[in-house]
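Asks: After the structure tokens below, expect a handful of questions from me.
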Amino acid sequence: MVDDKPMLDGGIIDSIPVEHSMAVGHPFNVIVTTHSKGWRDNGHDRKQPKFIYRNYPRLRVLLSHRLEAYNRQMDLVDELETSGQAVVIRPEAPVTVGRMEKDISKLEALYEQGFRNGEKFISKYID
């Protein structure tokens, strides 16, 4: 709840909000992804039962197409990068850390990889 209003993380529906960024006038974007180039979610979307978010039927429908939307967004990210309309910061190797990862060494290694990627971006585009 935020100011007595129910809120959810917008990333559950719009994981990579680059289309919104472009729509509000940003012709060039810096995009940070959590997967290496070419990765797509090969899972299957599942229809959400009516008792899930029963007061928010449009959210339930969007959640039922989440993977499809995410993969479409990843296609757009690749297109924008290829056309020079975006720079993408992403892991260089496939990520082996799960959503609920508890292995500290894996988490630290991923953190270090992300830190190095950030440093490379800064030295290439900022310095």
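Residues in the structure tokens are named by chain (A, B, ... in the order shown) and by number from 1 within that chain; ligands are numbered from 1 in the order shown.
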If you run DSSP on this backbone, which residues of chain A come out as alpha helix (DSSP H), and could you give them as a PyMOL selection string?
Replies: chain A and resi 18-23+57-63+66-83+104-121
Asks: I want to know what sits within 12 Å of Leu107 of chain A, based on only C-alpha atoms, with residues of the same chain fewer than 5 positions away left out; could you give that as a list in words?
Replies: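 Contacts, with the query itself left out: Val95, Thr96, Val97, Gly98, Arg99, Met100, Glu101, Lys102, Glu112, Gln113 and Gly114 of chain A.
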Asks: Could you give me, as a list in words, the residues within 12 Å of segment 10-14 of chain A, counting only C-alpha atoms and dropping anything in the same chain fewer than 4 positions from it?
Replies: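 Residues meeting the cut-off are Val18, Glu19, His20, Ser21, Arg58, Leu59, Arg60, Val61, Leu62, Leu63, Ser64, His65, Arg66, Leu67, Glu68, Ala69, Tyr70, Asn71, Arg72, Gln73 and Met74 of chain A.
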Asks: Write a file of the just-selected residues containing N, CA, C and O atoms, as a PDB file, in the first residue's frame.
Replies:
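This went into result12.pdb:
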ATOM      1  N   VAL A  18      11.232   0.554 -22.362  1.00  0.00           N
ATOM      2  CA  VAL A  18      11.864   1.380 -23.393  1.00  0.00           C
ATOM      3  C   VAL A  18      10.833   1.972 -24.353  1.00  0.00           C
ATOM      4  O   VAL A  18      11.001   3.089 -24.831  1.00  0.00           O
ATOM      5  N   GLU A  19       9.754   1.263 -24.629  1.00  0.00           N
ATOM      6  CA  GLU A  19       8.719   1.824 -25.508  1.00  0.00           C
ATOM      7  C   GLU A  19       8.107   3.080 -24.883  1.00  0.00           C
ATOM      8  O   GLU A  19       7.874   4.070 -25.581  1.00  0.00           O
ATOM      9  N   HIS A  20       7.885   3.049 -23.598  1.00  0.00           N
ATOM     10  CA  HIS A  20       7.363   4.226 -22.906  1.00  0.00           C
ATOM     11  C   HIS A  20       8.375   5.366 -22.975  1.00  0.00           C
ATOM     12  O   HIS A  20       8.012   6.516 -23.241  1.00  0.00           O
ATOM     13  N   SER A  21       9.629   5.050 -22.750  1.00  0.00           N
ATOM     14  CA  SER A  21      10.679   6.066 -22.816  1.00  0.00           C
ATOM     15  C   SER A  21      10.716   6.738 -24.185  1.00  0.00           C
ATOM     16  O   SER A  21      10.812   7.965 -24.287  1.00  0.00           O
ATOM     17  N   ARG A  58      -7.893  -6.657 -15.799  1.00  0.00           N
ATOM     18  CA  ARG A  58      -6.947  -6.312 -16.875  1.00  0.00           C
ATOM     19  C   ARG A  58      -5.534  -6.740 -16.487  1.00  0.00           C
ATOM     20  O   ARG A  58      -4.769  -7.185 -17.336  1.00  0.00           O
ATOM     21  N   LEU A  59      -5.188  -6.590 -15.210  1.00  0.00           N
ATOM     22  CA  LEU A  59      -3.884  -7.038 -14.731  1.00  0.00           C
ATOM     23  C   LEU A  59      -3.756  -8.548 -14.908  1.00  0.00           C
ATOM     24  O   LEU A  59      -2.725  -9.048 -15.365  1.00  0.00           O
ATOM     25  N   ARG A  60      -4.806  -9.259 -14.585  1.00  0.00           N
ATOM     26  CA  ARG A  60      -4.794 -10.717 -14.718  1.00  0.00           C
ATOM     27  C   ARG A  60      -4.558 -11.123 -16.174  1.00  0.00           C
ATOM     28  O   ARG A  60      -3.777 -12.021 -16.467  1.00  0.00           O
ATOM     29  N   VAL A  61      -5.191 -10.418 -17.111  1.00  0.00           N
ATOM     30  CA  VAL A  61      -5.002 -10.712 -18.533  1.00  0.00           C
ATOM     31  C   VAL A  61      -3.564 -10.424 -18.942  1.00  0.00           C
ATOM     32  O   VAL A  61      -2.918 -11.221 -19.624  1.00  0.00           O
ATOM     33  N   LEU A  62      -3.042  -9.274 -18.517  1.00  0.00           N
ATOM     34  CA  LEU A  62      -1.657  -8.929 -18.859  1.00  0.00           C
ATOM     35  C   LEU A  62      -0.673  -9.946 -18.296  1.00  0.00           C
ATOM     36  O   LEU A  62       0.293 -10.332 -18.958  1.00  0.00           O
ATOM     37  N   LEU A  63      -0.907 -10.396 -17.075  1.00  0.00           N
ATOM     38  CA  LEU A  63      -0.029 -11.403 -16.477  1.00  0.00           C
ATOM     39  C   LEU A  63      -0.076 -12.717 -17.249  1.00  0.00           C
ATOM     40  O   LEU A  63       0.902 -13.457 -17.278  1.00  0.00           O
ATOM     41  N   SER A  64      -1.203 -12.982 -17.881  1.00  0.00           N
ATOM     42  CA  SER A  64      -1.350 -14.211 -18.662  1.00  0.00           C
ATOM     43  C   SER A  64      -0.527 -14.178 -19.948  1.00  0.00           C
ATOM     44  O   SER A  64      -0.369 -15.208 -20.604  1.00  0.00           O
ATOM     45  N   HIS A  65      -0.028 -12.988 -20.315  1.00  0.00           N
ATOM     46  CA  HIS A  65       0.773 -12.846 -21.542  1.00  0.00           C
ATOM     47  C   HIS A  65       2.149 -12.248 -21.245  1.00  0.00           C
ATOM     48  O   HIS A  65       2.778 -11.674 -22.127  1.00  0.00           O
ATOM     49  N   ARG A  66       2.611 -12.385 -20.015  1.00  0.00           N
ATOM     50  CA  ARG A  66       3.828 -11.727 -19.570  1.00  0.00           C
ATOM     51  C   ARG A  66       5.069 -12.197 -20.335  1.00  0.00           C
ATOM     52  O   ARG A  66       5.880 -11.383 -20.769  1.00  0.00           O
ATOM     53  N   LEU A  67       5.250 -13.495 -20.488  1.00  0.00           N
ATOM     54  CA  LEU A  67       6.452 -13.996 -21.173  1.00  0.00           C
ATOM     55  C   LEU A  67       6.472 -13.585 -22.633  1.00  0.00           C
ATOM     56  O   LEU A  67       7.520 -13.205 -23.166  1.00  0.00           O
ATOM     57  N   GLU A  68       5.338 -13.646 -23.266  1.00  0.00           N
ATOM     58  CA  GLU A  68       5.230 -13.209 -24.660  1.00  0.00           C
ATOM     59  C   GLU A  68       5.635 -11.743 -24.783  1.00  0.00           C
ATOM     60  O   GLU A  68       6.412 -11.357 -25.664  1.00  0.00           O
ATOM     61  N   ALA A  69       5.142 -10.904 -23.875  1.00  0.00           N
ATOM     62  CA  ALA A  69       5.462  -9.475 -23.897  1.00  0.00           C
ATOM     63  C   ALA A  69       6.949  -9.255 -23.616  1.00  0.00           C
ATOM     64  O   ALA A  69       7.597  -8.428 -24.266  1.00  0.00           O
ATOM     65  N   TYR A  70       7.501  -9.987 -22.660  1.00  0.00           N
ATOM     66  CA  TYR A  70       8.918  -9.845 -22.317  1.00  0.00           C
ATOM     67  C   TYR A  70       9.799 -10.198 -23.513  1.00  0.00           C
ATOM     68  O   TYR A  70      10.736  -9.464 -23.843  1.00  0.00           O
ATOM     69  N   ASN A  71       9.510 -11.294 -24.157  1.00  0.00           N
ATOM     70  CA  ASN A  71      10.314 -11.706 -25.311  1.00  0.00           C
ATOM     71  C   ASN A  71      10.206 -10.691 -26.452  1.00  0.00           C
ATOM     72  O   ASN A  71      11.191 -10.414 -27.140  1.00  0.00           O
ATOM     73  N   ARG A  72       9.043 -10.117 -26.628  1.00  0.00           N
ATOM     74  CA  ARG A  72       8.857  -9.066 -27.633  1.00  0.00           C
ATOM     75  C   ARG A  72       9.711  -7.838 -27.270  1.00  0.00           C
ATOM     76  O   ARG A  72      10.335  -7.220 -28.133  1.00  0.00           O
ATOM     77  N   GLN A  73       9.748  -7.505 -25.988  1.00  0.00           N
ATOM     78  CA  GLN A  73      10.567  -6.382 -25.540  1.00  0.00           C
ATOM     79  C   GLN A  73      12.054  -6.668 -25.778  1.00  0.00           C
ATOM     80  O   GLN A  73      12.804  -5.774 -26.180  1.00  0.00           O
ATOM     81  N   MET A  74      12.474  -7.894 -25.541  1.00  0.00           N
ATOM     82  CA  MET A  74      13.878  -8.254 -25.778  1.00  0.00           C
ATOM     83  C   MET A  74      14.212  -8.152 -27.266  1.00  0.00           C
ATOM     84  O   MET A  74      15.321  -7.725 -27.629  1.00  0.00           O
TER      85      MET A  74
END
Asks: As an exercise, work out the distance from atom CA of Phe121 of chain A to atom CA of Val32 of chain A in Å and give it to one decimal place.
Replies: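 Atom-to-atom, atom CA of Phe121 of chain A and atom CA of Val32 of chain A are spaced 10.8 Å apart.
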Asks: Please compute the atom CA of Ile16 of chain A-atom CA of Ile31 of chain A distance, one decimal, in Å.
Replies: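 Atom CA of Ile31 of chain A lies 7.9 Å from atom CA of Ile16 of chain A.
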Asks: Determine the nearest neighbour of Val77 of chain A from the options A:Gly118, A:Gly38, A:Pro57, A:Gly25, counting only C-alpha atoms.
Replies: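 Closest to Val77 of chain A of all the choices is A:Gly38.
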